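A quick write-up on the structure given underneath.
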Amino acid sequence: MTDQMYDEIALERLIKDKFSIDADIRQAIVFKIPVGLSAEATLYLTSKKQLYLFISSQTKILFSDVKKIVSRMGLRADHYLPPRADAEYFNSVATAKFKEIFPGRTNISDQDLIYYKTLAVYNPALVQISEVLNGQIYQYDSDASGNWRPCKKFSYRRLKTS
């Protein structure tokens with residue numbers, strides 16, 4: 001077995017620990033590419049032909065940072081998986097931050113929480129990808145124009161079925 005196979009098994013276990021889902025990695029498209037000064041990402045296909053992006057960082061990254069990374073990599077997100085499979089994670093963090101700023105408000109709508117959801121700590125992050133835009137995946141490079149350069153050509157588009 002190669003080092004990458006061991007890394008893939010370790011990644012599967014980490015995803016099972018942090019997100020409570022089975023990450024059956026069938027093929028790693030890009031493995032541990034830089035997506036920021038201290039962040040790296042792995043893009044992989046599962047055995048069910050679903051594309052996932054795993055982002056980890058040595059520093060704190062927020063939900064807004066993850067959205068920006070996904071966009072700059074040339075990907076379109078389908079679903080952001082919350083940590084520990086807690087469906088209300090982003091809403092509960094947003095509500096707590098909103099109440100810190102506006103302690104007297106009782107009627108809190110979803111519109112009020114949109115900005116505060118982006119302030120949720122999201123490290124590591126797991127994103128289900130629906131499309132690779134323009135068939136090109138980008139990686140962070142501080143020497144490149146615009147700080148992002150093409151990394152790998154890969155075409156993918158998830159078709160929704162009923």
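Chain identifiers are assigned as A, B, and so on, following the order in which chains appear in the structure tokens; residues are numbered from 1 within each chain, and ligands are numbered from 1 in order of appearance.
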List every residue of chain A that DSSP, applied to the backbone, labels as alpha helix (DSSP H), and write the result as a ChimeraX atom specification. /A:3-19,63-72,89-101,110-117
Residues of the last selection are to be written out with N, CA and C atoms, as a short mmCIF file (atom, residue, chain, number, x, y, z; two decimals), in the first residue's frame.
data_model
loop_
_atom_site.label_atom_id
_atom_site.label_comp_id
_atom_site.auth_asym_id
_atom_site.auth_seq_id
_atom_site.Cartn_x
_atom_site.Cartn_y
_atom_site.Cartn_z
N ASP A 3 1.64 5.48 0.43
CA ASP A 3 1.38 6.49 1.44
C ASP A 3 0.04 7.17 1.22
N GLN A 4 -0.32 7.40 -0.05
CA GLN A 4 -1.59 8.06 -0.34
C GLN A 4 -2.77 7.18 0.10
N MET A 5 -2.64 5.88 -0.02
CA MET A 5 -3.71 4.98 0.42
C MET A 5 -3.90 5.09 1.93
N TYR A 6 -2.79 5.16 2.67
CA TYR A 6 -2.88 5.34 4.12
C TYR A 6 -3.52 6.68 4.47
N ASP A 7 -3.14 7.71 3.71
CA ASP A 7 -3.73 9.04 3.93
C ASP A 7 -5.22 9.04 3.64
N GLU A 8 -5.65 8.32 2.62
CA GLU A 8 -7.07 8.23 2.29
C GLU A 8 -7.84 7.50 3.38
N ILE A 9 -7.28 6.45 3.92
CA ILE A 9 -7.93 5.72 5.02
C ILE A 9 -8.02 6.61 6.25
N ALA A 10 -6.96 7.36 6.53
CA ALA A 10 -6.99 8.29 7.67
C ALA A 10 -8.03 9.38 7.45
N LEU A 11 -8.18 9.85 6.21
CA LEU A 11 -9.17 10.87 5.90
C LEU A 11 -10.58 10.31 6.07
N GLU A 12 -10.81 9.07 5.63
CA GLU A 12 -12.12 8.43 5.81
C GLU A 12 -12.48 8.36 7.29
N ARG A 13 -11.53 7.99 8.13
CA ARG A 13 -11.78 7.89 9.57
C ARG A 13 -12.04 9.26 10.18
N LEU A 14 -11.29 10.27 9.74
CA LEU A 14 -11.49 11.63 10.25
C LEU A 14 -12.88 12.15 9.89
N ILE A 15 -13.32 11.90 8.67
CA ILE A 15 -14.65 12.34 8.23
C ILE A 15 -15.73 11.61 9.02
N LYS A 16 -15.54 10.32 9.26
CA LYS A 16 -16.51 9.56 10.06
C LYS A 16 -16.58 10.11 11.48
N ASP A 17 -15.42 10.48 12.04
CA ASP A 17 -15.37 11.06 13.39
C ASP A 17 -16.06 12.41 13.47
N LYS A 18 -15.72 13.30 12.56
CA LYS A 18 -16.17 14.70 12.63
C LYS A 18 -17.56 14.93 12.06
N PHE A 19 -17.98 14.13 11.06
CA PHE A 19 -19.24 14.41 10.38
C PHE A 19 -20.25 13.26 10.46
N PHE A 63 -17.40 29.74 8.14
CA PHE A 63 -18.28 29.27 7.08
C PHE A 63 -18.13 30.16 5.85
N SER A 64 -17.98 31.47 6.05
CA SER A 64 -17.81 32.39 4.92
C SER A 64 -16.50 32.10 4.19
N ASP A 65 -15.45 31.74 4.93
CA ASP A 65 -14.16 31.40 4.30
C ASP A 65 -14.30 30.15 3.43
N VAL A 66 -15.04 29.17 3.92
CA VAL A 66 -15.24 27.92 3.17
C VAL A 66 -16.00 28.21 1.88
N LYS A 67 -17.03 29.05 1.96
CA LYS A 67 -17.79 29.41 0.75
C LYS A 67 -16.88 30.09 -0.27
N LYS A 68 -16.01 30.97 0.20
CA LYS A 68 -15.10 31.68 -0.69
C LYS A 68 -14.09 30.72 -1.32
N ILE A 69 -13.59 29.78 -0.54
CA ILE A 69 -12.63 28.79 -1.05
C ILE A 69 -13.29 27.94 -2.13
N VAL A 70 -14.51 27.47 -1.88
CA VAL A 70 -15.22 26.64 -2.86
C VAL A 70 -15.39 27.41 -4.17
N SER A 71 -15.78 28.66 -4.07
CA SER A 71 -15.98 29.49 -5.25
C SER A 71 -14.67 29.71 -6.01
N ARG A 72 -13.62 30.03 -5.30
CA ARG A 72 -12.33 30.31 -5.96
C ARG A 72 -11.68 29.06 -6.54
N TYR A 89 -26.64 23.06 13.37
CA TYR A 89 -25.39 23.66 13.80
C TYR A 89 -25.28 25.12 13.37
N PHE A 90 -25.44 25.40 12.09
CA PHE A 90 -25.26 26.76 11.59
C PHE A 90 -26.33 27.70 12.16
N ASN A 91 -27.57 27.22 12.29
CA ASN A 91 -28.64 28.05 12.86
C ASN A 91 -28.41 28.35 14.34
N SER A 92 -27.96 27.36 15.09
CA SER A 92 -27.76 27.57 16.53
C SER A 92 -26.59 28.53 16.79
N VAL A 93 -25.52 28.43 16.01
CA VAL A 93 -24.40 29.36 16.15
C VAL A 93 -24.84 30.76 15.77
N ALA A 94 -25.60 30.88 14.67
CA ALA A 94 -26.08 32.18 14.22
C ALA A 94 -27.01 32.81 15.24
N THR A 95 -27.89 32.02 15.83
CA THR A 95 -28.81 32.54 16.84
C THR A 95 -28.05 33.03 18.07
N ALA A 96 -27.05 32.27 18.50
CA ALA A 96 -26.25 32.67 19.67
C ALA A 96 -25.50 33.97 19.39
N LYS A 97 -24.90 34.11 18.22
CA LYS A 97 -24.17 35.33 17.88
C LYS A 97 -25.12 36.52 17.72
N PHE A 98 -26.30 36.27 17.17
CA PHE A 98 -27.30 37.33 17.02
C PHE A 98 -27.75 37.84 18.39
N LYS A 99 -27.96 36.91 19.32
CA LYS A 99 -28.40 37.30 20.65
C LYS A 99 -27.32 38.03 21.43
N GLU A 100 -26.03 37.78 21.11
CA GLU A 100 -24.95 38.55 21.74
C GLU A 100 -25.01 40.01 21.32
N ILE A 101 -25.34 40.24 20.06
CA ILE A 101 -25.39 41.60 19.53
C ILE A 101 -26.69 42.30 19.89
N ASP A 110 -35.29 34.09 9.84
CA ASP A 110 -34.19 33.52 9.06
C ASP A 110 -33.41 34.61 8.34
N GLN A 111 -34.10 35.67 7.95
CA GLN A 111 -33.44 36.80 7.29
C GLN A 111 -32.44 37.48 8.23
N ASP A 112 -32.76 37.52 9.51
CA ASP A 112 -31.87 38.13 10.50
C ASP A 112 -30.59 37.31 10.68
N LEU A 113 -30.67 36.00 10.44
CA LEU A 113 -29.55 35.10 10.73
C LEU A 113 -28.62 34.85 9.55
N ILE A 114 -28.96 35.35 8.37
CA ILE A 114 -28.15 35.05 7.18
C ILE A 114 -26.70 35.43 7.38
N TYR A 115 -26.43 36.64 7.83
CA TYR A 115 -25.05 37.09 8.02
C TYR A 115 -24.37 36.32 9.15
N TYR A 116 -25.08 36.06 10.22
CA TYR A 116 -24.47 35.43 11.40
C TYR A 116 -24.13 33.96 11.18
N LYS A 117 -24.78 33.32 10.19
CA LYS A 117 -24.41 31.95 9.83
C LYS A 117 -23.00 31.91 9.26
#
Please, which residues in segment 9-121 of chain A fall within 7 Å of segment 130-151 of chain A when counting only C-alpha atoms, and what is the closest atom pair and distance in Å to one decimal for each, ordered by chain then residue number, as a Markdown table?
| residue | atom | partner | partner_atom | distance |
| --- | --- | --- | --- | --- |
| A:Ile33 | CA | A:Gln139 | CA | 6.4 |
| A:Pro34 | CA | A:Tyr140 | CA | 5.4 |
| A:Val35 | CA | A:Tyr140 | CA | 4.6 |
| A:Gly36 | CA | A:Tyr140 | CA | 5.7 |
| A:Met73 | CA | A:Tyr138 | CA | 4.5 |
| A:Gly74 | CA | A:Leu133 | CA | 5.3 |
| A:Leu75 | CA | A:Val132 | CA | 4.6 |
| A:Arg76 | CA | A:Glu131 | CA | 5.1 |
| A:Ala77 | CA | A:Ser130 | CA | 5.7 |
| A:Asp78 | CA | A:Ser130 | CA | 5.0 |
Could you take the residues named above and write them with N, CA and C atoms, as a short mmCIF file (atom, residue, chain, number, x, y, z; two decimals), in the first residue's frame?
data_model
loop_
_atom_site.label_atom_id
_atom_site.label_comp_id
_atom_site.auth_asym_id
_atom_site.auth_seq_id
_atom_site.Cartn_x
_atom_site.Cartn_y
_atom_site.Cartn_z
N ILE A 33 -4.21 19.83 -1.62
CA ILE A 33 -3.69 20.99 -2.35
C ILE A 33 -3.89 22.24 -1.49
N PRO A 34 -3.03 23.23 -1.63
CA PRO A 34 -3.20 24.46 -0.85
C PRO A 34 -4.40 25.28 -1.36
N VAL A 35 -5.22 25.75 -0.42
CA VAL A 35 -6.36 26.61 -0.77
C VAL A 35 -6.35 27.88 0.07
N GLY A 36 -5.24 28.16 0.70
CA GLY A 36 -5.06 29.34 1.52
C GLY A 36 -3.66 29.29 2.12
N MET A 73 -12.04 27.90 -6.03
CA MET A 73 -11.52 26.66 -6.61
C MET A 73 -12.22 26.31 -7.92
N GLY A 74 -13.27 27.05 -8.27
CA GLY A 74 -14.01 26.78 -9.49
C GLY A 74 -15.05 25.70 -9.32
N LEU A 75 -15.60 25.59 -8.10
CA LEU A 75 -16.59 24.57 -7.79
C LEU A 75 -17.92 25.21 -7.42
N ARG A 76 -18.98 24.45 -7.54
CA ARG A 76 -20.30 24.90 -7.09
C ARG A 76 -20.77 23.93 -6.01
N ALA A 77 -21.08 24.47 -4.84
CA ALA A 77 -21.48 23.64 -3.71
C ALA A 77 -22.94 23.24 -3.82
N ASP A 78 -23.21 22.01 -3.45
CA ASP A 78 -24.59 21.52 -3.39
C ASP A 78 -25.08 21.55 -1.95
#
What's the separation between atom CA of Ile25 of chain A and atom CA of Lys160 of chain A, in Å to one decimal place?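 Taking atom CA of Ile25 of chain A and atom CA of Lys160 of chain A, their separation equals 21.2 Å.
For segment 97-150 of chain A, backbone-based DSSP assignment of strand (DSSP E or B) covers Val121, Ala125, Leu126, Val127, Gln128, Ile129, Ser130, Glu131, Val132, Gln136, Ile137, Tyr138, Gln139, Tyr140, Trp148, Arg149 and Pro150 of chain A.
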Under the rule of at most 8 Å, produce a per-residue listing of segment 59-149 of chain A near segment 38-50 of chain A: chain, number, name, the closest pair of atoms, and the distance in Å, as CSV, using only C-alpha atoms.
residue,atom,partner,partner_atom,distance
A:Thr59,CA,A:Ser38,CA,6.8
A:Gln128,CA,A:Gln50,CA,7.5
A:Ile129,CA,A:Gln50,CA,7.7
